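As structure tokens, the structure follows; a few thoughts come after it.
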Amino acid sequence: MRFSQVLRPKEPGNARGAAVASAVLVVVFVAGAAVWPWSPKRGLGLFFGLLAAALFIFEMAYPFRRPKARPLRTAKAWAQAHVYLGALALLAVLIHAGFRLPKGGLGWALLLLSLWTTASGLIGVWLQKWIPAALAEGLHVEALYERIPALMEKLAGEADALMAGADEVGERFYRTEVRPSLSRPNPSWAFLLDVRASRDRALEPFRRVAEFVDPAQKALIDDLMSIYTEKIELDAHYSLQGILRRWLVFHVPTAGLLMGLLAVHVFAWAWY
Amino acid sequence: MNPRLQVMVPAEAEQLRGLPLFSGIPEKARDKVIEKVRKYIHVVAFSPGDVVLREGEYSDSAYCIVEGAVEIVLSAAGEAARPEVRGGAHVPPPQRAGARPEAEGMVGRGRGTGGTVILSAMPADVVPGQRTILEAGEIFGEIGALSRYPVSATVRAETPLTLLRIRLPGLRMLLAASKEFRKFLDERYRERTLARHLRSVALFEKVDDEFVERVKEKAELLSFEPGQVIVEEGSPADSFYLVRGGYVKVSVRAGSSDLAVTYLRKGDYAGEAALLLDEAWPFTLQALEHVEIVRIGKADFKALSGRYPHLEESLWAEMVARLKLRGAAVRNPVSSEYLQMAMDTGLIHGESVLLIDLSTCTRCDECVRGCADAHGGEPRFIREGQKYRHWLVPTACYQCTDPVCMVDCPTGAITRSVGTLEVTINEPTCIGCGNCAQRCPWNNIIMVERGEKRPDGKPVELATKCDLCLDRPEGPACVQMCPHGSAVRISFKDLERVTATLR
């Protein structure tokens with residue numbers, strides 16, 4: 001998958017709608033700021049603050065889409081709303097502040113958390129588009145994440161049975177070069193950039209050994225190479241599916257913190 | 001001996017030799033045929049009142065009455081309420097009682113079987129609401145078994161009853177070995193069923209009784225073995241073919257290989273080009289499995305249909321649609337590839353096949369969680385299965401047009417309501433015999449432990465399967481709860497959707 005394909009929206013209509021909404025918000029800001037001195041505490045500045053708060057509250061409702069996805073009909077509609085309204089929420093925050101740097105500690109914390117949460121969310125969107133496409137296009141094997149270690153154990157068992165009939169050279173090669181890494185996952189970040197990363201290098205020893213064994217043994221080495229190729233593909237799945245599961249660690253806790261500080265911010269504004 | 005324990009015993013060769021069923025086989029070959037067929041024939045005993053066949057279920061056997069009598073009951077209410085389409089077609093919401101309008105977009109829009117309400121060959125006129133009695137020597141259930149139509153009437157033991165149950169492979173062997181038996185069944189089909197079959201096809205909906213009677217006289221009944229070519233592209237088009245059972249591949253030549261254009265199943269027809277144009281066959285028709293066909297010669301059909309202008313209009317429309325499909329297959333061989341894959345793997349049997357686009361699926365398992373939420377915490381499918389290009393076919397019920405899982409359920413727990421798509425298992429009635437799970441060719445029915453023990457200490461297991469979230473007005477949860485729109489449900493008969501979805 002090319003980078004440009006990742007940037008292409010799943011629902012172009014939603015992307016266009018979000019772009020129009022963003023443009024409207026900016027135009028309102030420019031017009032408002034030209035007529036009145038901009039203040040986050042009153043008028044349009046306050047409105048944008050409340051808008052951002054409302055959007056953040058909606059964003060936090062994302063987990064409640066289950067089990068019926070109501071009222072947005074489908075989980076996909078929820079996900080789309082989460083992404084685009086999240087981006088609009090950040091814009092509303094920036095407009096609320098009048099595109100100026102905050103003064104107090106709470107203001108800085110809110111701004112940085114908003115930036116971090118939005119950025120981590122957008123990185124998540126990128127990962128969710130990039131990784132599935134890479135897995136589907138680059139690999140033959142498909143596996144459930146939880147079952148990958150067991151599948152590797154099974155592959156190791158198959159390889160053990162296969163190489164029981166190997167000659168001394170084949171047996172030594174298997175025992176020293178292949179078996180140690182066969183039965184457990186070897187996750188690697190390299191798969192994120194290239195799902196077939198280092199495959200040629202990993203398989204090169206098999207090709208070399210195949211040159212030194214007799215023809216009957218060569219078939220064994222070829223079969224072993226197939227098993228190892230499957231294992232490498234499972235490694236890629238394990239690495240990339242693992243990333244898809246873990247990126248939320250960088251998004252959800254900061255979003256929770258942001259909501260806490262937002263509550264303090266609103267309370268402080270209402271109280272004082 | 002408790003008669004209930006003496007449910008089924010293999011038939012003895014001696015017992016079979018004396019039956020009229022085998023009288024049509026040449027004497028020299030008779031013993032050999034009996035020996036071959038015997039393993040598919042069982043003697044079954046029933047007590048008065050026992051149900052032999054239940055209306056609406058599927059059966060893979062014909063029954064020959066050895067001793068006693070059976071009562072055939074066709075429910076009057078059922079007959080009146082029966083919609084035009086039966087056997088798993090997805091009926092558009094306005095036509096279907098209790099349909100779920102919101103769910104339409106989430107379920108495959110299979111065109112369905114175009115009406116399969118066939119009174120399978122009962123050797124008597126069965127009147128709704130009235131009792132009909134069959135006695136020793138009579139055969140019933142063979143059309144349902146051969147053409148996979150649902151059983152059209154309930155059959156109960158009227159007296160202590162002994163039947164020969166002839167399973168489908170045995171029935172086919174008998175048909176191949178005995179011209180007399182084939183002639184007998186063909187005649188019965190022609191007399192009792194063909195008219196209803198014709199009427200169930202949209203093309204012949206408005207024709208009068210005379211037309212039907214003439215077709216009954218002129219039609220030729222043909223059978224084809226799996227893989228057999230029915231007609232070859234380029235050969236003279238001289239007949240009209242109506243499929244009465246099985247699946248037929250429609251393909252066109254493309255270089256040294258062929259491109260699948262579509263497939264035909266019961267109720268579908270081919271040969272309209274032969275009737276409208278004097279051109280050669282634009283397609284090859286090939287049997288994908290055992291296929292039963294009604295053939296009407298070109299001259300006969302033309303003579304018969306001359307009086308019905310709407311018939312010709314429908315044929316023109318069908319021909320144009322087929323030629324469009326042909327063009328689409330040639331222009332876009334990828335959709336043809338998917339169709340071929342569906343034929344090779346059996347997905348064409350599905351009315352609503354769950355597919356997951358792996359190029360957008362984030363493996364978040366929201367589909368499985370959604371399914372579990374909709375079914376008391378227990379998902380009805382496994383996100384594992386065959387992969388074809390970037391599509392995964394998970395282990396989930398396809399809701400087959402002819403659900404073989406429904407054959408042999410001893411309690412009738414697995415059912416499909418008339419006019420609906422969903423094959424469901426009624427848990428309180430399921431006894432966990434596992435027949436349905438064993439019969440499902442795709443292993444899409446899973447036996448799940450219930451945490452209880454049987455008297456013999458073994459765990460109680462009940463059959464579970466996807467029911468398309470029958471109780472959810474929103475439609476199947478797997479599709480609705482996928483945040484990336486990666487889960488889809490399709491019928492491969494809906495080629496427009498197949499082409500638009502599977503790129």
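FYI, nothing fancy with the structure tokens labels: chains A, B, ... in order, residues from 1 per chain, ligands from 1 as they appear.
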Excluding Gly56 of chain B and any residue of its chain fewer than 5 positions from it, enumerate the residues within 7 Å of it, using only C-alpha atoms, and give them as a PDB file with C-alpha atoms, in the first residue's frame.
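File produced: part_29.pdb:
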```pdb
ATOM      1  CA  PRO B 150     -38.369 -28.914   1.654  1.00  0.00           C
ATOM      2  CA  VAL B 151     -40.830 -31.595   2.655  1.00  0.00           C
ATOM      3  CA  SER B 152     -44.224 -30.386   1.536  1.00  0.00           C
TER       4      SER B 152
END
```
### Task
Quick one: everything within 8 Å of segment 364-379 of chain B, counting only C-alpha atoms, minus sequence neighbours fewer than 2 positions away in the same chain. Send it as a VMD selection string.
(chain A and resid 66 to 67 245) or (chain B and resid 361 to 362 381 to 383 469 472 476 to 483 487)
### Task
Give as a PyMOL selection string every residue of chain A that touches chain B within 6 Å, counting only C-alpha atoms.
chain A and resi 74-76+79+128+132-133+136
Mind dumping the selected residues with N, CA and C atoms as an mmCIF file, in the first residue's frame?
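Heads up, here's the output in result34.cif:
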```cif
data_model
loop_
_atom_site.group_PDB
_atom_site.id
_atom_site.type_symbol
_atom_site.label_atom_id
_atom_site.label_comp_id
_atom_site.auth_asym_id
_atom_site.auth_seq_id
_atom_site.Cartn_x
_atom_site.Cartn_y
_atom_site.Cartn_z
ATOM 1 N N THR A 74 -24.556 2.247 12.990
ATOM 2 C CA THR A 74 -23.477 1.256 12.851
ATOM 3 C C THR A 74 -22.233 1.720 13.610
ATOM 4 N N ALA A 75 -21.419 0.733 13.974
ATOM 5 C CA ALA A 75 -20.166 1.059 14.659
ATOM 6 C C ALA A 75 -19.249 1.853 13.738
ATOM 7 N N LYS A 76 -19.385 1.619 12.437
ATOM 8 C CA LYS A 76 -18.551 2.362 11.493
ATOM 9 C C LYS A 76 -18.894 3.849 11.547
ATOM 10 N N ALA A 79 -17.282 5.250 14.568
ATOM 11 C CA ALA A 79 -15.829 5.419 14.404
ATOM 12 C C ALA A 79 -15.531 6.652 13.547
ATOM 13 N N GLN A 128 -4.304 1.843 11.684
ATOM 14 C CA GLN A 128 -5.448 0.976 11.374
ATOM 15 C C GLN A 128 -5.687 0.849 9.874
ATOM 16 N N PRO A 132 -3.540 -3.338 8.368
ATOM 17 C CA PRO A 132 -4.365 -4.370 7.725
ATOM 18 C C PRO A 132 -4.042 -4.541 6.240
ATOM 19 N N ALA A 133 -3.807 -3.415 5.558
ATOM 20 C CA ALA A 133 -3.501 -3.507 4.128
ATOM 21 C C ALA A 133 -2.178 -4.240 3.923
ATOM 22 N N ALA A 136 -2.693 -7.988 4.614
ATOM 23 C CA ALA A 136 -3.484 -8.669 3.577
ATOM 24 C C ALA A 136 -2.711 -8.806 2.272
#
```
### Query
Distance atom CA of Lys103 of chain A-atom CA of Ile123 of chain A, one decimal place?
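Spanning atom CA of Lys103 of chain A to atom CA of Ile123 of chain A is a straight-line distance of 28.3 Å.
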What lies within 10 Å of Tyr174 of chain A using only C-alpha atoms, ignoring chain neighbours under 5 positions off, as a CSV table (one decimal) with N, CA and C atoms, in the first residue's frame?
```csv
chain,number,residue,atom,x,y,z
A,159,ALA,N,8.1,-29.4,12.4
A,159,ALA,CA,9.5,-29.3,11.9
A,159,ALA,C,10.3,-30.4,12.6
A,160,ASP,N,10.0,-30.6,13.9
A,160,ASP,CA,10.7,-31.7,14.6
A,160,ASP,C,10.5,-33.1,14.0
A,163,MET,N,12.3,-33.2,10.6
A,163,MET,CA,13.8,-33.3,10.6
A,163,MET,C,14.3,-34.5,11.3
A,166,ALA,N,16.4,-36.3,9.0
A,166,ALA,CA,17.5,-35.6,8.3
A,166,ALA,C,18.8,-36.2,8.5
A,168,GLU,N,23.1,-35.8,9.0
A,168,GLU,CA,23.8,-35.1,10.1
A,168,GLU,C,23.9,-33.6,9.8
A,169,VAL,N,24.2,-33.2,8.5
A,169,VAL,CA,24.3,-31.8,8.2
A,169,VAL,C,22.9,-31.1,8.4
A,179,ARG,N,15.8,-24.3,15.0
A,179,ARG,CA,14.9,-24.7,16.1
A,179,ARG,C,14.8,-23.6,17.2
A,180,PRO,N,15.9,-23.0,17.6
A,180,PRO,CA,15.8,-22.0,18.7
A,180,PRO,C,14.8,-20.9,18.5
A,182,LEU,N,12.1,-21.1,16.4
A,182,LEU,CA,10.9,-21.6,15.7
A,182,LEU,C,9.7,-21.6,16.6
A,206,PHE,N,18.9,-21.4,4.5
A,206,PHE,CA,18.3,-22.6,4.0
A,206,PHE,C,18.8,-22.9,2.6
A,221,ILE,N,14.9,-29.9,3.4
A,221,ILE,CA,15.2,-28.5,3.6
A,221,ILE,C,14.2,-27.6,3.0
A,224,LEU,N,11.3,-27.6,5.2
A,224,LEU,CA,11.6,-26.9,6.5
A,224,LEU,C,11.5,-25.4,6.2
```
### Message
Using only C-alpha atoms, can you tell me which of B:Ile25, B:Val212, B:Leu16, B:Val201 comes closest to Arg182 of chain B?
### Response
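The closest residue to Arg182 of chain B is B:Ile25.
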### Task
Pick out the residues sitting within 10 Å of segment 274-285 of chain B, and hand them over as a VMD selection string; count only C-alpha atoms, and ignore anything fewer than 2 positions along from it in its own chain.
chain B and resid 227 to 240 248 to 253 258 to 264 270 to 272 287 to 288 297 to 299 301 to 302 305 312 315 to 316 319 322 to 323 326
#### Entry: Shell around Gly49 of chain A at 12 Å using only C-alpha atoms, local window under 3 positions removed, as a VMD selection string
chain A and resid 39 to 46 52 to 56 88 to 98 110 262 265 to 266 269
Out of segment 169-401 of chain B, which residues get strand (DSSP E or B) from DSSP, as an mmCIF file with N, CA and C atoms, in the first residue's frame?
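Below is the file selection10.cif, written as the result:
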```cif
data_model
loop_
_atom_site.group_PDB
_atom_site.id
_atom_site.type_symbol
_atom_site.label_atom_id
_atom_site.label_comp_id
_atom_site.auth_asym_id
_atom_site.auth_seq_id
_atom_site.Cartn_x
_atom_site.Cartn_y
_atom_site.Cartn_z
ATOM 1 N N GLU B 220 -38.858 -32.920 -21.543
ATOM 2 C CA GLU B 220 -37.992 -34.085 -21.368
ATOM 3 C C GLU B 220 -37.263 -33.891 -20.039
ATOM 4 N N LEU B 221 -37.176 -34.938 -19.236
ATOM 5 C CA LEU B 221 -36.516 -34.820 -17.939
ATOM 6 C C LEU B 221 -35.114 -35.415 -18.041
ATOM 7 N N LEU B 222 -34.117 -34.618 -17.712
ATOM 8 C CA LEU B 222 -32.727 -35.058 -17.873
ATOM 9 C C LEU B 222 -31.973 -34.972 -16.556
ATOM 10 N N SER B 223 -30.990 -35.841 -16.408
ATOM 11 C CA SER B 223 -30.113 -35.805 -15.234
ATOM 12 C C SER B 223 -28.676 -35.696 -15.708
ATOM 13 N N PHE B 224 -27.874 -34.970 -14.958
ATOM 14 C CA PHE B 224 -26.457 -34.821 -15.303
ATOM 15 C C PHE B 224 -25.594 -35.087 -14.075
ATOM 16 N N VAL B 229 -20.847 -31.634 -19.051
ATOM 17 C CA VAL B 229 -21.219 -30.434 -19.803
ATOM 18 C C VAL B 229 -22.641 -30.622 -20.334
ATOM 19 N N ILE B 230 -23.494 -29.667 -20.061
ATOM 20 C CA ILE B 230 -24.900 -29.756 -20.484
ATOM 21 C C ILE B 230 -25.027 -29.194 -21.900
ATOM 22 N N VAL B 231 -24.486 -28.011 -22.109
ATOM 23 C CA VAL B 231 -24.374 -27.497 -23.474
ATOM 24 C C VAL B 231 -23.033 -26.776 -23.608
ATOM 25 N N PRO B 236 -25.269 -25.493 -31.489
ATOM 26 C CA PRO B 236 -26.581 -24.961 -31.890
ATOM 27 C C PRO B 236 -27.537 -24.901 -30.691
ATOM 28 N N SER B 239 -32.804 -25.687 -27.421
ATOM 29 C CA SER B 239 -33.713 -26.052 -26.332
ATOM 30 C C SER B 239 -33.766 -24.984 -25.258
ATOM 31 N N PHE B 240 -34.790 -25.113 -24.463
ATOM 32 C CA PHE B 240 -34.940 -24.286 -23.271
ATOM 33 C C PHE B 240 -34.737 -25.211 -22.076
ATOM 34 N N TYR B 241 -33.925 -24.790 -21.111
ATOM 35 C CA TYR B 241 -33.617 -25.641 -19.958
ATOM 36 C C TYR B 241 -34.112 -24.989 -18.669
ATOM 37 N N LEU B 242 -34.831 -25.754 -17.887
ATOM 38 C CA LEU B 242 -35.283 -25.287 -16.578
ATOM 39 C C LEU B 242 -34.632 -26.194 -15.529
ATOM 40 N N VAL B 243 -33.927 -25.576 -14.582
ATOM 41 C CA VAL B 243 -33.225 -26.383 -13.574
ATOM 42 C C VAL B 243 -34.225 -26.781 -12.492
ATOM 43 N N ARG B 244 -34.310 -28.084 -12.226
ATOM 44 C CA ARG B 244 -35.219 -28.516 -11.161
ATOM 45 C C ARG B 244 -34.457 -28.935 -9.912
ATOM 46 N N GLY B 245 -33.162 -29.119 -10.012
ATOM 47 C CA GLY B 245 -32.354 -29.433 -8.842
ATOM 48 C C GLY B 245 -30.881 -29.351 -9.177
ATOM 49 N N VAL B 248 -25.718 -25.301 -11.676
ATOM 50 C CA VAL B 248 -25.141 -25.338 -13.020
ATOM 51 C C VAL B 248 -24.251 -24.114 -13.206
ATOM 52 N N LYS B 249 -23.034 -24.355 -13.667
ATOM 53 C CA LYS B 249 -22.113 -23.243 -13.929
ATOM 54 C C LYS B 249 -22.379 -22.688 -15.329
ATOM 55 N N VAL B 250 -22.424 -21.378 -15.423
ATOM 56 C CA VAL B 250 -22.554 -20.716 -16.719
ATOM 57 C C VAL B 250 -21.221 -20.016 -16.982
ATOM 58 N N SER B 251 -20.568 -20.347 -18.073
ATOM 59 C CA SER B 251 -19.246 -19.762 -18.308
ATOM 60 C C SER B 251 -19.058 -19.415 -19.780
ATOM 61 N N VAL B 252 -18.042 -18.605 -20.038
ATOM 62 C CA VAL B 252 -17.679 -18.290 -21.423
ATOM 63 C C VAL B 252 -16.196 -18.596 -21.626
ATOM 64 N N ARG B 253 -15.858 -18.909 -22.856
ATOM 65 C CA ARG B 253 -14.461 -19.192 -23.159
ATOM 66 C C ARG B 253 -13.648 -17.897 -23.154
ATOM 67 N N ALA B 254 -12.448 -17.974 -22.596
ATOM 68 C CA ALA B 254 -11.539 -16.821 -22.649
ATOM 69 C C ALA B 254 -10.148 -17.396 -22.855
ATOM 70 N N SER B 257 -8.794 -20.872 -21.162
ATOM 71 C CA SER B 257 -9.584 -21.191 -19.968
ATOM 72 C C SER B 257 -11.016 -20.682 -20.143
ATOM 73 N N ASP B 258 -11.783 -20.777 -19.077
ATOM 74 C CA ASP B 258 -13.137 -20.234 -19.162
ATOM 75 C C ASP B 258 -13.389 -19.279 -18.002
ATOM 76 N N LEU B 259 -14.319 -18.352 -18.230
ATOM 77 C CA LEU B 259 -14.658 -17.364 -17.211
ATOM 78 C C LEU B 259 -16.065 -17.661 -16.705
ATOM 79 N N ALA B 260 -16.192 -17.801 -15.386
ATOM 80 C CA ALA B 260 -17.520 -18.036 -14.812
ATOM 81 C C ALA B 260 -18.337 -16.755 -14.927
ATOM 82 N N VAL B 261 -19.528 -16.876 -15.444
ATOM 83 C CA VAL B 261 -20.385 -15.699 -15.625
ATOM 84 C C VAL B 261 -21.437 -15.646 -14.520
ATOM 85 N N THR B 262 -22.041 -16.762 -14.245
ATOM 86 C CA THR B 262 -23.013 -16.870 -13.155
ATOM 87 C C THR B 262 -23.280 -18.355 -12.928
ATOM 88 N N TYR B 263 -24.260 -18.654 -12.118
ATOM 89 C CA TYR B 263 -24.649 -20.052 -11.965
ATOM 90 C C TYR B 263 -26.169 -20.134 -11.888
ATOM 91 N N LEU B 264 -26.677 -21.294 -12.200
ATOM 92 C CA LEU B 264 -28.120 -21.508 -12.152
ATOM 93 C C LEU B 264 -28.426 -22.489 -11.030
ATOM 94 N N TYR B 269 -33.446 -20.719 -15.298
ATOM 95 C CA TYR B 269 -33.561 -21.321 -16.627
ATOM 96 C C TYR B 269 -32.501 -20.751 -17.565
ATOM 97 N N ALA B 270 -32.312 -21.422 -18.689
ATOM 98 C CA ALA B 270 -31.352 -20.964 -19.694
ATOM 99 C C ALA B 270 -31.878 -21.388 -21.056
ATOM 100 N N ALA B 280 -25.993 -19.527 -31.948
ATOM 101 C CA ALA B 280 -25.423 -20.616 -31.159
ATOM 102 C C ALA B 280 -25.458 -20.223 -29.676
ATOM 103 N N THR B 284 -21.360 -21.778 -21.991
ATOM 104 C CA THR B 284 -21.297 -23.213 -21.706
ATOM 105 C C THR B 284 -22.042 -23.442 -20.394
ATOM 106 N N LEU B 285 -22.850 -24.475 -20.344
ATOM 107 C CA LEU B 285 -23.516 -24.860 -19.090
ATOM 108 C C LEU B 285 -22.894 -26.168 -18.623
ATOM 109 N N GLN B 286 -22.490 -26.196 -17.379
ATOM 110 C CA GLN B 286 -21.839 -27.402 -16.846
ATOM 111 C C GLN B 286 -22.395 -27.717 -15.456
ATOM 112 N N ALA B 287 -22.690 -28.996 -15.234
ATOM 113 C CA ALA B 287 -23.244 -29.397 -13.927
ATOM 114 C C ALA B 287 -22.149 -29.295 -12.871
ATOM 115 N N VAL B 291 -27.379 -32.785 -11.269
ATOM 116 C CA VAL B 291 -28.321 -31.761 -11.733
ATOM 117 C C VAL B 291 -29.513 -32.433 -12.412
ATOM 118 N N GLU B 292 -30.682 -31.954 -12.072
ATOM 119 C CA GLU B 292 -31.916 -32.439 -12.707
ATOM 120 C C GLU B 292 -32.472 -31.289 -13.534
ATOM 121 N N ILE B 293 -32.800 -31.573 -14.782
ATOM 122 C CA ILE B 293 -33.208 -30.501 -15.697
ATOM 123 C C ILE B 293 -34.489 -30.876 -16.449
ATOM 124 N N VAL B 294 -35.308 -29.862 -16.693
ATOM 125 C CA VAL B 294 -36.473 -30.038 -17.558
ATOM 126 C C VAL B 294 -36.109 -29.377 -18.895
ATOM 127 N N ARG B 295 -36.141 -30.170 -19.980
ATOM 128 C CA ARG B 295 -35.745 -29.640 -21.293
ATOM 129 C C ARG B 295 -36.974 -29.555 -22.192
ATOM 130 N N ILE B 296 -37.123 -28.387 -22.825
ATOM 131 C CA ILE B 296 -38.223 -28.228 -23.790
ATOM 132 C C ILE B 296 -37.598 -27.819 -25.117
ATOM 133 N N GLY B 297 -37.873 -28.564 -26.165
ATOM 134 C CA GLY B 297 -37.294 -28.285 -27.479
ATOM 135 C C GLY B 297 -37.726 -26.913 -27.987
ATOM 136 N N GLY B 350 -24.595 -20.609 -0.207
ATOM 137 C CA GLY B 350 -24.983 -19.692 0.861
ATOM 138 C C GLY B 350 -25.907 -18.585 0.389
ATOM 139 N N VAL B 353 -23.506 -15.132 3.109
ATOM 140 C CA VAL B 353 -22.164 -15.574 3.500
ATOM 141 C C VAL B 353 -21.433 -14.389 4.140
ATOM 142 N N LEU B 354 -20.882 -14.622 5.329
ATOM 143 C CA LEU B 354 -20.114 -13.572 5.995
ATOM 144 C C LEU B 354 -18.706 -13.540 5.417
ATOM 145 N N LEU B 355 -18.278 -12.372 4.965
ATOM 146 C CA LEU B 355 -16.915 -12.197 4.460
ATOM 147 C C LEU B 355 -16.280 -11.027 5.209
ATOM 148 N N ILE B 356 -14.992 -11.123 5.445
ATOM 149 C CA ILE B 356 -14.283 -10.026 6.120
ATOM 150 C C ILE B 356 -13.146 -9.559 5.225
ATOM 151 N N ASP B 357 -13.143 -8.266 4.955
ATOM 152 C CA ASP B 357 -12.096 -7.675 4.119
ATOM 153 C C ASP B 357 -10.845 -7.485 4.984
ATOM 154 N N ILE B 382 -16.563 -18.087 14.322
ATOM 155 C CA ILE B 382 -15.143 -17.989 14.656
ATOM 156 C C ILE B 382 -14.467 -17.197 13.547
ATOM 157 N N ARG B 383 -13.665 -16.218 13.942
ATOM 158 C CA ARG B 383 -13.025 -15.365 12.925
ATOM 159 C C ARG B 383 -11.786 -16.072 12.358
ATOM 160 N N GLU B 384 -11.985 -17.257 11.917
ATOM 161 C CA GLU B 384 -10.929 -18.050 11.292
ATOM 162 C C GLU B 384 -11.548 -18.789 10.136
ATOM 163 N N GLY B 385 -10.807 -18.991 9.081
ATOM 164 C CA GLY B 385 -11.351 -19.741 7.958
ATOM 165 C C GLY B 385 -10.480 -19.580 6.739
ATOM 166 N N GLN B 386 -11.089 -19.903 5.588
ATOM 167 C CA GLN B 386 -10.343 -19.812 4.335
ATOM 168 C C GLN B 386 -10.066 -18.361 3.992
ATOM 169 N N LYS B 387 -8.911 -18.136 3.340
ATOM 170 C CA LYS B 387 -8.593 -16.797 2.872
ATOM 171 C C LYS B 387 -8.526 -16.858 1.352
ATOM 172 N N TYR B 388 -9.189 -15.910 0.726
ATOM 173 C CA TYR B 388 -9.093 -15.837 -0.731
ATOM 174 C C TYR B 388 -8.786 -14.402 -1.102
ATOM 175 N N TRP B 391 -9.848 -11.531 1.198
ATOM 176 C CA TRP B 391 -11.108 -11.783 1.892
ATOM 177 C C TRP B 391 -11.007 -13.047 2.738
ATOM 178 N N LEU B 392 -11.522 -12.944 3.948
ATOM 179 C CA LEU B 392 -11.571 -14.101 4.840
ATOM 180 C C LEU B 392 -13.009 -14.614 4.880
ATOM 181 N N VAL B 393 -13.140 -15.928 4.785
ATOM 182 C CA VAL B 393 -14.467 -16.535 4.938
ATOM 183 C C VAL B 393 -14.486 -17.184 6.316
ATOM 184 N N PRO B 394 -15.018 -16.482 7.310
ATOM 185 C CA PRO B 394 -14.959 -17.038 8.667
ATOM 186 C C PRO B 394 -15.839 -18.274 8.816
ATOM 187 N N THR B 395 -15.648 -18.967 9.926
ATOM 188 C CA THR B 395 -16.463 -20.144 10.214
ATOM 189 C C THR B 395 -17.811 -19.656 10.746
ATOM 190 N N CYS B 400 -27.511 -21.845 3.943
ATOM 191 C CA CYS B 400 -27.577 -22.475 2.614
ATOM 192 C C CYS B 400 -28.985 -22.463 2.020
#
```
### Query
Between atom CA of Leu248 of chain A and atom CA of Ala61 of chain A, what is the distance, to one decimal in Å?
15.5 Å
### Query
Mind pulling up the distance from atom CA of Leu161 of chain B to atom CA of Met406 of chain B?
23.6 Å
### Task
Pull the helix (DSSP H, G or I) assignments for segment 200-366 of chain B out of DSSP run on the backbone, and list those residues as an MDAnalysis selection string.
chainID B and resid 200 202:204 209:218 272:276 298:305 309:331 333:345 347:349 366
#### Entry: 12 Å contact set for Glu204 of chain A, only C-alpha atoms, chain neighbours under 4 positions out, as a PyMOL selection string
chain A and resi 177-178+198-200+208-211+221-222+225+228-229
### Query
With only C-alpha atoms as the atoms that count, which of B:Asp467, B:Glu289, B:Glu71, B:Asp208 lies nearest to Tyr308 of chain B?
B:Asp208
### Task
Give me the residues within 8 Å of His82 of chain A as a list in words, counting only C-alpha atoms and dropping any in the same chain fewer than 2 places off.
Phe58, Glu59, Tyr62, Trp78, Ala79, Gln80, Tyr84, Leu85 and Gly86 of chain A
#### Entry: Which of B:Val404, B:Ala153, B:Leu198, B:Met173 sits closest to Ser59 of chain B [using only C-alpha atoms]
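For Ser59 of chain B, the nearest of the given residues is B:Val404.
Between Glu171 of chain A and the residues A:Ser114, A:Arg201, A:Leu220, A:Ala156, the shortest atom-to-atom distance, using only C-alpha atoms, involves A:Leu220.
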